[in-house]
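One file, query04.txt, is given below (compact mmCIF, C-alpha atoms and all ligand atoms).
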# COMPACT_ATOMS: atom_id res chain seq x y z
CA MET A 26 -40.05 71.32 14.69
CA PRO A 27 -42.11 70.05 11.73
CA TYR A 28 -45.36 69.29 13.54
CA LEU A 29 -45.79 72.21 15.95
CA ARG A 30 -48.64 74.38 14.72
CA CYS A 31 -50.41 77.27 16.40
CA PRO A 32 -53.22 78.57 14.19
CA LEU A 33 -54.93 81.83 15.06
CA PHE A 34 -58.20 80.19 16.05
CA PHE A 35 -56.45 78.57 19.01
CA TYR A 36 -56.36 81.89 20.84
CA THR A 37 -60.10 82.38 20.51
CA HIS A 38 -60.93 78.92 21.88
CA CYS A 39 -58.60 78.33 24.82
CA TYR A 40 -60.01 78.33 28.33
CA MET A 41 -59.38 76.53 31.58
CA LEU A 42 -61.45 73.44 32.27
CA SER A 43 -62.35 72.76 35.88
CA THR A 44 -60.21 70.26 37.77
CA ALA A 45 -61.33 66.72 36.99
CA ALA A 46 -63.09 64.48 39.50
CA LEU A 47 -62.63 60.75 38.91
CA GLY A 48 -63.19 59.89 35.27
CA PRO A 49 -62.65 57.35 32.48
CA ILE A 50 -59.65 57.07 30.18
CA GLY A 51 -60.57 58.80 26.91
CA VAL A 52 -59.61 56.99 23.70
CA PHE A 53 -59.83 58.91 20.45
CA ASP A 54 -59.53 57.92 16.79
CA SER A 55 -60.79 59.36 13.53
CA GLY A 56 -63.01 56.27 13.22
CA TYR A 57 -63.05 52.58 14.06
CA GLY A 58 -59.29 51.95 14.05
CA GLY A 59 -58.75 52.99 17.66
CA LEU A 60 -60.97 50.08 18.70
CA THR A 61 -57.95 47.83 17.99
CA ILE A 62 -56.03 49.79 20.66
CA LEU A 63 -58.99 50.00 23.05
CA GLN A 64 -59.39 46.21 22.94
CA GLU A 65 -55.78 45.66 24.04
CA MET A 66 -56.06 48.31 26.78
CA GLN A 67 -59.23 46.70 28.14
CA THR A 68 -57.51 43.30 28.15
CA LEU A 69 -54.53 44.61 30.09
CA LEU A 70 -56.44 47.06 32.31
CA PRO A 71 -59.86 45.37 32.74
CA ASP A 72 -60.83 47.31 35.88
CA TYR A 73 -60.54 50.78 34.32
CA ASN A 74 -63.39 52.76 32.75
CA PHE A 75 -62.91 53.88 29.14
CA MET A 76 -64.74 56.36 26.91
CA TYR A 77 -64.18 55.82 23.16
CA LEU A 78 -64.75 58.63 20.66
CA GLY A 79 -64.68 58.01 16.90
CA ASP A 80 -64.93 61.04 14.61
CA ASN A 81 -66.47 58.78 11.94
CA ALA A 82 -68.34 61.64 10.27
CA ARG A 83 -65.02 63.31 9.35
CA ALA A 84 -62.84 60.20 8.80
CA PRO A 85 -60.45 59.58 7.20
CA TYR A 86 -57.95 62.07 8.60
CA GLY A 87 -55.04 60.59 6.64
CA THR A 88 -55.24 62.91 3.65
CA ARG A 89 -56.07 66.07 5.61
CA SER A 90 -53.68 68.97 6.28
CA PHE A 91 -51.75 69.48 9.52
CA ASP A 92 -53.98 72.36 10.61
CA VAL A 93 -57.23 70.46 10.01
CA VAL A 94 -56.04 67.29 11.80
CA TYR A 95 -54.83 69.47 14.69
CA GLU A 96 -58.14 71.33 14.94
CA PHE A 97 -60.30 68.16 14.73
CA THR A 98 -58.09 66.40 17.30
CA ARG A 99 -58.13 69.41 19.62
CA GLN A 100 -61.96 69.44 19.47
CA ALA A 101 -62.04 65.72 20.31
CA VAL A 102 -59.65 66.12 23.25
CA LEU A 103 -61.69 69.06 24.59
CA TYR A 104 -64.87 66.99 24.33
CA LEU A 105 -63.31 64.08 26.25
CA PHE A 106 -61.95 66.46 28.91
CA GLU A 107 -65.43 68.00 29.25
CA GLN A 108 -66.82 64.47 29.74
CA GLY A 109 -64.47 64.12 32.71
CA CYS A 110 -61.58 62.14 31.22
CA PRO A 111 -58.38 63.14 33.05
CA LEU A 112 -56.28 61.24 30.49
CA VAL A 113 -56.80 60.94 26.73
CA ILE A 114 -55.03 58.46 24.45
CA LEU A 115 -54.83 59.47 20.79
CA ALA A 116 -55.35 55.95 19.40
CA CYS A 117 -54.60 57.30 15.95
CA ASN A 118 -51.19 57.63 14.33
CA THR A 119 -52.27 60.49 12.08
CA ALA A 120 -53.48 62.55 15.05
CA SER A 121 -50.40 61.53 17.07
CA ALA A 122 -48.13 62.62 14.21
CA LYS A 123 -49.86 65.86 13.36
CA ALA A 124 -51.51 67.15 16.54
CA LEU A 125 -50.09 65.55 19.70
CA ARG A 126 -47.05 67.77 20.15
CA THR A 127 -49.00 71.01 19.69
CA ILE A 128 -51.73 69.83 22.06
CA GLN A 129 -49.15 68.85 24.70
CA GLN A 130 -47.06 72.00 24.39
CA ILE A 131 -49.62 74.72 23.62
CA ASP A 132 -53.09 73.54 24.66
CA LEU A 133 -52.53 71.48 27.81
CA PRO A 134 -50.95 74.28 29.88
CA GLN A 135 -54.15 76.30 29.24
CA LEU A 136 -56.52 73.40 29.95
CA GLY A 137 -55.37 72.25 33.36
CA ALA A 138 -52.05 70.98 34.65
CA ASP A 139 -53.54 67.71 35.87
CA ARG A 140 -54.72 66.52 32.42
CA ARG A 141 -52.65 64.46 30.02
CA VAL A 142 -52.80 63.46 26.35
CA LEU A 143 -50.63 60.58 25.10
CA GLY A 144 -50.11 59.17 21.60
CA VAL A 145 -49.26 55.85 20.00
CA ILE A 146 -46.01 56.58 18.18
CA ARG A 147 -43.46 56.64 21.00
CA PRO A 148 -44.60 53.38 22.69
CA THR A 149 -44.48 51.64 19.32
CA VAL A 150 -41.07 52.96 18.34
CA GLU A 151 -39.53 51.87 21.65
CA VAL A 152 -39.99 48.16 20.88
CA LEU A 153 -38.97 48.13 17.22
CA ASP A 154 -35.28 47.32 17.54
CA GLN A 155 -35.97 44.01 19.27
CA LEU A 156 -38.43 42.93 16.57
CA SER A 157 -36.04 42.98 13.61
CA THR A 158 -33.02 40.78 12.91
CA SER A 159 -32.02 42.39 9.62
CA LYS A 160 -32.46 45.88 11.19
CA HIS A 161 -34.49 46.88 8.13
CA ILE A 162 -37.96 48.05 9.18
CA GLY A 163 -40.90 48.89 6.95
CA VAL A 164 -43.53 51.39 8.12
CA LEU A 165 -47.02 51.38 6.56
CA GLY A 166 -49.31 54.30 7.38
CA THR A 167 -51.69 56.94 6.10
CA ALA A 168 -50.43 59.63 3.73
CA GLY A 169 -50.49 62.07 6.67
CA THR A 170 -48.45 59.88 9.01
CA ILE A 171 -45.90 59.03 6.32
CA SER A 172 -45.48 62.59 5.02
CA SER A 173 -45.00 63.89 8.58
CA GLN A 174 -41.81 61.75 8.76
CA SER A 175 -42.68 61.15 12.43
CA TYR A 176 -41.73 57.46 12.39
CA PRO A 177 -38.27 57.75 10.74
CA ILE A 178 -37.47 60.75 12.98
CA GLU A 179 -38.57 59.05 16.20
CA ILE A 180 -37.06 55.66 15.28
CA ASN A 181 -33.68 57.13 14.40
CA LYS A 182 -33.63 59.24 17.60
CA LEU A 183 -33.70 55.98 19.59
CA PHE A 184 -32.08 53.54 17.12
CA ALA A 185 -29.78 55.29 14.65
CA HIS A 186 -28.73 51.92 13.18
CA LEU A 187 -32.21 50.96 11.96
CA HIS A 188 -32.97 51.35 8.24
CA VAL A 189 -36.49 52.69 7.88
CA THR A 190 -38.54 52.53 4.68
CA THR A 191 -42.04 53.99 4.57
CA GLU A 192 -45.11 53.53 2.40
CA ALA A 193 -48.39 55.44 2.40
CA CYS A 194 -51.46 53.24 1.86
CA PRO A 195 -54.27 55.75 1.24
CA MET A 196 -56.95 53.18 0.36
CA TRP A 197 -56.56 50.99 3.43
CA VAL A 198 -58.49 53.17 5.93
CA PRO A 199 -61.49 53.61 3.57
CA LEU A 200 -61.58 49.80 3.16
CA VAL A 201 -61.99 49.46 6.93
CA GLU A 202 -64.34 52.43 7.44
CA ASN A 203 -66.60 51.10 4.70
CA ASN A 204 -66.53 47.53 5.99
CA GLU A 205 -64.86 46.28 2.81
CA PHE A 206 -61.80 44.90 4.58
CA ARG A 207 -62.75 41.26 4.01
CA SER A 208 -63.71 41.73 0.35
CA ASP A 209 -61.77 40.32 -2.62
CA GLY A 210 -61.27 43.89 -3.85
CA ALA A 211 -59.21 44.65 -0.74
CA ASP A 212 -56.49 42.20 -1.89
CA TYR A 213 -55.59 44.40 -4.86
CA PHE A 214 -54.80 47.44 -2.70
CA ILE A 215 -53.00 45.34 -0.10
CA GLN A 216 -50.73 43.62 -2.65
CA GLN A 217 -49.99 46.94 -4.34
CA HIS A 218 -48.43 48.52 -1.23
CA LEU A 219 -46.71 45.40 0.10
CA GLN A 220 -44.98 44.90 -3.26
CA SER A 221 -44.03 48.56 -3.40
CA ILE A 222 -42.37 48.71 0.05
CA LEU A 223 -40.54 45.40 -0.43
CA THR A 224 -39.26 46.59 -3.80
CA LYS A 225 -37.90 49.72 -2.10
CA ASP A 226 -36.10 47.57 0.51
CA PRO A 227 -36.03 43.78 0.00
CA GLN A 228 -34.18 43.30 3.32
CA ILE A 229 -37.18 44.34 5.44
CA ASP A 230 -37.99 41.61 7.99
CA ALA A 231 -40.41 43.59 10.18
CA LEU A 232 -43.37 45.56 8.86
CA LEU A 233 -45.04 47.97 11.26
CA LEU A 234 -48.75 48.67 10.84
CA ALA A 235 -48.50 52.36 11.80
CA CYS A 236 -52.21 52.98 11.51
CA THR A 237 -54.70 51.70 14.06
CA HIS A 238 -57.11 50.66 11.31
CA TYR A 239 -54.66 48.26 9.65
CA PRO A 240 -54.87 45.34 12.15
CA LEU A 241 -58.32 44.72 10.67
CA LEU A 242 -56.49 43.84 7.44
CA MET A 243 -54.01 41.55 9.21
CA ASP A 244 -55.21 38.26 7.70
CA LYS A 245 -55.00 39.60 4.18
CA ILE A 246 -51.63 41.28 4.81
CA LYS A 247 -50.13 38.04 6.16
CA ALA A 248 -51.62 36.03 3.29
CA ASN A 249 -49.73 38.24 0.84
CA LEU A 250 -46.35 38.14 2.62
CA SER A 251 -43.58 35.61 3.20
CA PRO A 252 -43.88 34.14 6.73
CA SER A 253 -40.29 35.30 7.35
CA ILE A 254 -41.57 38.88 7.54
CA GLN A 255 -43.01 39.79 10.90
CA VAL A 256 -46.10 42.02 10.82
CA ILE A 257 -46.26 44.29 13.87
CA SER A 258 -49.56 45.53 15.23
CA GLN A 259 -49.13 48.27 17.84
CA GLY A 260 -52.12 47.71 20.19
CA ALA A 261 -50.42 45.43 22.73
CA TYR A 262 -47.37 47.71 22.95
CA VAL A 263 -49.50 50.82 23.47
CA ALA A 264 -51.51 49.03 26.17
CA ALA A 265 -48.34 47.86 27.96
CA SER A 266 -46.95 51.38 27.79
CA LEU A 267 -50.17 52.81 29.30
CA LYS A 268 -50.03 50.30 32.15
CA ASP A 269 -46.43 51.26 32.81
CA TYR A 270 -47.31 54.98 32.62
CA LEU A 271 -50.05 54.59 35.24
CA ALA A 272 -47.70 52.69 37.54
CA ARG A 273 -45.18 55.53 37.23
CA HIS A 274 -47.81 58.30 37.64
CA PRO A 275 -49.90 57.45 40.72
CA ALA A 276 -51.43 60.97 40.84
CA MET A 277 -53.00 60.32 37.41
CA ASP A 278 -53.88 56.73 38.28
CA GLN A 279 -55.84 57.93 41.32
CA GLN A 280 -58.00 60.17 39.08
CA LEU A 281 -59.26 57.20 37.02
CA LEU A 282 -62.56 55.41 37.58
CA ARG A 283 -62.41 51.63 37.95
CA GLN A 284 -65.71 49.88 37.32
CA GLY A 285 -64.62 48.08 34.13
CA THR A 286 -67.08 49.98 31.88
CA CYS A 287 -66.74 51.46 28.40
CA THR A 288 -68.96 54.05 26.71
CA PHE A 289 -68.88 54.77 22.97
CA LYS A 290 -69.37 58.12 21.24
CA THR A 291 -69.41 58.80 17.52
CA THR A 292 -69.92 61.85 15.32
CA GLU A 293 -71.77 59.64 12.77
CA SER A 294 -74.96 57.61 13.09
CA PRO A 295 -74.92 55.58 16.34
CA ALA A 296 -76.63 52.64 14.58
CA LYS A 297 -73.88 52.53 11.93
CA PHE A 298 -71.17 52.78 14.58
CA SER A 299 -72.74 50.08 16.77
CA GLU A 300 -73.01 47.67 13.86
CA ALA A 301 -69.43 48.16 12.67
CA ALA A 302 -67.89 48.31 16.14
CA ALA A 303 -69.61 45.06 17.11
CA LEU A 304 -67.88 43.41 14.12
CA PHE A 305 -64.47 44.63 15.30
CA LEU A 306 -64.95 43.99 19.02
CA LEU A 307 -67.05 40.83 18.65
CA GLN A 308 -69.54 42.12 21.22
CA ALA A 309 -72.66 44.30 21.18
CA VAL A 310 -71.90 47.99 21.45
CA GLU A 311 -74.26 50.91 22.07
CA ALA A 312 -73.08 54.28 20.88
CA GLU A 313 -74.21 57.87 21.38
CA ARG A 314 -73.97 60.59 18.73
CA VAL A 315 -71.99 63.69 19.64
CA PHE A 316 -71.13 66.91 17.82
CA LEU A 317 -67.62 68.33 17.91
CA GLY A 318 -66.54 71.85 17.19
N1 LIG A 401 -56.52 55.14 12.67
C1 LIG A 401 -55.90 56.28 12.07
C2 LIG A 401 -54.38 56.18 12.16
O1 LIG A 401 -53.88 55.42 12.99
C3 LIG A 401 -56.47 56.44 10.68
C4 LIG A 401 -56.32 57.75 10.15
C5 LIG A 401 -57.34 58.18 9.11
O2 LIG A 401 -58.45 58.50 9.51
O3 LIG A 401 -56.97 58.27 7.93
O4 LIG A 401 -53.65 56.86 11.47

Turn this file's structure into structure tokens for me.
Ligand code: DGL
Amino acid sequence: MPYLRCPLFFYTHCYMLSTAALGPIGVFDSGYGGLTILQEMQTLLPDYNFMYLGDNARAPYGTRSFDVVYEFTRQAVLYLFEQGCPLVILACNTASAKALRTIQQIDLPQLGADRRVLGVIRPTVEVLDQLSTSKHIGVLGTAGTISSQSYPIEINKLFAHLHVTTEACPMWVPLVENNEFRSDGADYFIQQHLQSILTKDPQIDALLLACTHYPLLMDKIKANLSPSIQVISQGAYVAASLKDYLARHPAMDQQLLRQGTCTFKTTESPAKFSEAAALFLLQAVEAERVFLG
């Protein structure tokens, strides 16, 4: 079990949270990337309330160790539970790869049986087979997601016949977090990794953006690829999977507030978050600063 961790500090921090009244769906990412998932969830589930938390002060997570990503993610989940979210979506592949399983198996039983935390990897993997004709899939992600091997493991559990090639793109998240994703300089780093993965497997016809920040680079990625290669962004699949989950879990669905609102929390400066988030969401956003830990 490569991504089940149980550091000592867990035992000093676990406690039962009180049973949730009605609350929003919590959406967590290390930074701005999860906004690409939030947007799709709001489109598909417009009546639901959401609470978005970006740990911008500590992003990126992609180069951090298992234990650190687990601890930061656990703090974020606890915060969202304390804010009344009965359900939290880890809208971050790195956190889903490195922390989700431990949180589900070790933390959740201590925190209240009626709370749930879901990730983005499984809903994405489930649709991959139908998106490739050559059955050669490329997966682009952070160093953490790629080194965890989560995607090849999960893909081959469901679709043993798929050939999976991976590539870590460590500069892509900083380009987004620093609002450089439209700059000419971004092209260099984008070309570098696209060429590298297609050299490893020239038969790839579907490239998965396995990082929630990467859809912000979509125009530049497509401009540097043959149109015969499909670029897959995971937001719509995660949103569809959430809708399906809520239909299959009415007890959870009944705990969720439906006034169509969204609140934004960040561990960085609210002004910086509001400015950047407005660029991604194309609407004004007001954020509140929070402290995790
Ligand atoms: N959006 C996160 C992901 O999907 C980025 C991780 C990071 O902060 O490096 O992996």

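Proximity of A:Ser258, A:Ser299, A:Asn203, A:Gln129 to Ala235 (chain A), computed with only C-alpha atoms, is greatest for A:Ser258.
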
Ligand LIG 401 (chain A) neighbours within 7 Å using all atoms listed in the file, as an NGL selection string: :A and (54-56 or 58-59 or 84-88 or 116-120 or 166-167 or 170 or 198 or 235-238)

Would you output that residue set with C-alpha atoms, as a PDB file, in the frame of the given file?
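Produced file again.pdb, reproduced below:
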ATOM      1  CA  ASP A  54     -59.530  57.920  16.790  1.00  0.00           C
ATOM      2  CA  SER A  55     -60.790  59.360  13.530  1.00  0.00           C
ATOM      3  CA  GLY A  56     -63.010  56.270  13.220  1.00  0.00           C
ATOM      4  CA  GLY A  58     -59.290  51.950  14.050  1.00  0.00           C
ATOM      5  CA  GLY A  59     -58.750  52.990  17.660  1.00  0.00           C
ATOM      6  CA  ALA A  84     -62.840  60.200   8.800  1.00  0.00           C
ATOM      7  CA  PRO A  85     -60.450  59.580   7.200  1.00  0.00           C
ATOM      8  CA  TYR A  86     -57.950  62.070   8.600  1.00  0.00           C
ATOM      9  CA  GLY A  87     -55.040  60.590   6.640  1.00  0.00           C
ATOM     10  CA  THR A  88     -55.240  62.910   3.650  1.00  0.00           C
ATOM     11  CA  ALA A 116     -55.350  55.950  19.400  1.00  0.00           C
ATOM     12  CA  CYS A 117     -54.600  57.300  15.950  1.00  0.00           C
ATOM     13  CA  ASN A 118     -51.190  57.630  14.330  1.00  0.00           C
ATOM     14  CA  THR A 119     -52.270  60.490  12.080  1.00  0.00           C
ATOM     15  CA  ALA A 120     -53.480  62.550  15.050  1.00  0.00           C
ATOM     16  CA  GLY A 166     -49.310  54.300   7.380  1.00  0.00           C
ATOM     17  CA  THR A 167     -51.690  56.940   6.100  1.00  0.00           C
ATOM     18  CA  THR A 170     -48.450  59.880   9.010  1.00  0.00           C
ATOM     19  CA  VAL A 198     -58.490  53.170   5.930  1.00  0.00           C
ATOM     20  CA  ALA A 235     -48.500  52.360  11.800  1.00  0.00           C
ATOM     21  CA  CYS A 236     -52.210  52.980  11.510  1.00  0.00           C
ATOM     22  CA  THR A 237     -54.700  51.700  14.060  1.00  0.00           C
ATOM     23  CA  HIS A 238     -57.110  50.660  11.310  1.00  0.00           C
TER      24      HIS A 238
END

To one decimal place, how far is CA of Pro148 (chain A) from CA of Leu70 (chain A) in Å? 16.5 Å

Tell me which protein, DNA and RNA residues are within 10 Å of region 281-296 of chain A, counting all atoms listed in the file, leaving out same-chain ones fewer than 6 positions away, and put them as number ranges by chain. A: 45-57, 63, 67, 70-84, 105, 109-112, 271, 302, 310-317

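The gap separating CA of Ala272 (chain A) from CA of Gln130 (chain A) is 23.4 Å, in Å to one decimal.
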
Just to confirm, what's the straight-line distance from CA of Gln217 (chain A) to CA of Pro195 (chain A) in Å (one decimal)? 11.3 Å

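Omitting Asp244 (chain A) and its sequence neighbours fewer than 3 positions away, and counting all atoms listed in the file, the residues within 12 Å are Phe206, Arg207, Ser208, Ala211, Asp212, Ile215, Tyr239, Pro240, Leu241, Lys247, Ala248, Asn249, Leu250, Val256 and Ser258 of chain A.
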
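Residues with any atom within 8 Å of Phe305 (chain A), counting only C-alpha atoms and excluding same-chain neighbours fewer than 2 positions away, are Leu60, Thr61, Leu241, Ala301, Ala302, Ala303 and Leu307 of chain A.
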
Keeping only C-alpha atoms, write the selected residues as an mmCIF file, keeping the file's coordinate frame.
data_model
loop_
_atom_site.group_PDB
_atom_site.id
_atom_site.type_symbol
_atom_site.label_atom_id
_atom_site.label_comp_id
_atom_site.auth_asym_id
_atom_site.auth_seq_id
_atom_site.Cartn_x
_atom_site.Cartn_y
_atom_site.Cartn_z
ATOM 1 C CA LEU A 60 -60.970 50.080 18.700
ATOM 2 C CA THR A 61 -57.950 47.830 17.990
ATOM 3 C CA LEU A 241 -58.320 44.720 10.670
ATOM 4 C CA ALA A 301 -69.430 48.160 12.670
ATOM 5 C CA ALA A 302 -67.890 48.310 16.140
ATOM 6 C CA ALA A 303 -69.610 45.060 17.110
ATOM 7 C CA LEU A 307 -67.050 40.830 18.650
#

Emit as lines of an AutoDock Vina configuration file the padded axis-aligned box for all listed atoms of region 269-287 of chain A, 8 Å per side, with centre and edge lengths in Å to one decimal.
center_x = -56.1
center_y = 54.5
center_z = 34.9
size_x = 37.9
size_y = 28.9
size_z = 28.9

Nearest to Lys160 (chain A): which of A:Val102, A:Ala185, A:Ile146, A:Leu304 is it, counting only C-alpha atoms? A:Ala185

Near-Thr191 (chain A) list (12 Å; all atoms listed in the file; drop same-chain fewer than 3 positions) as a ChimeraX atom specification: /A:161-178,180,188,194,218-219,221-226,229,231-235
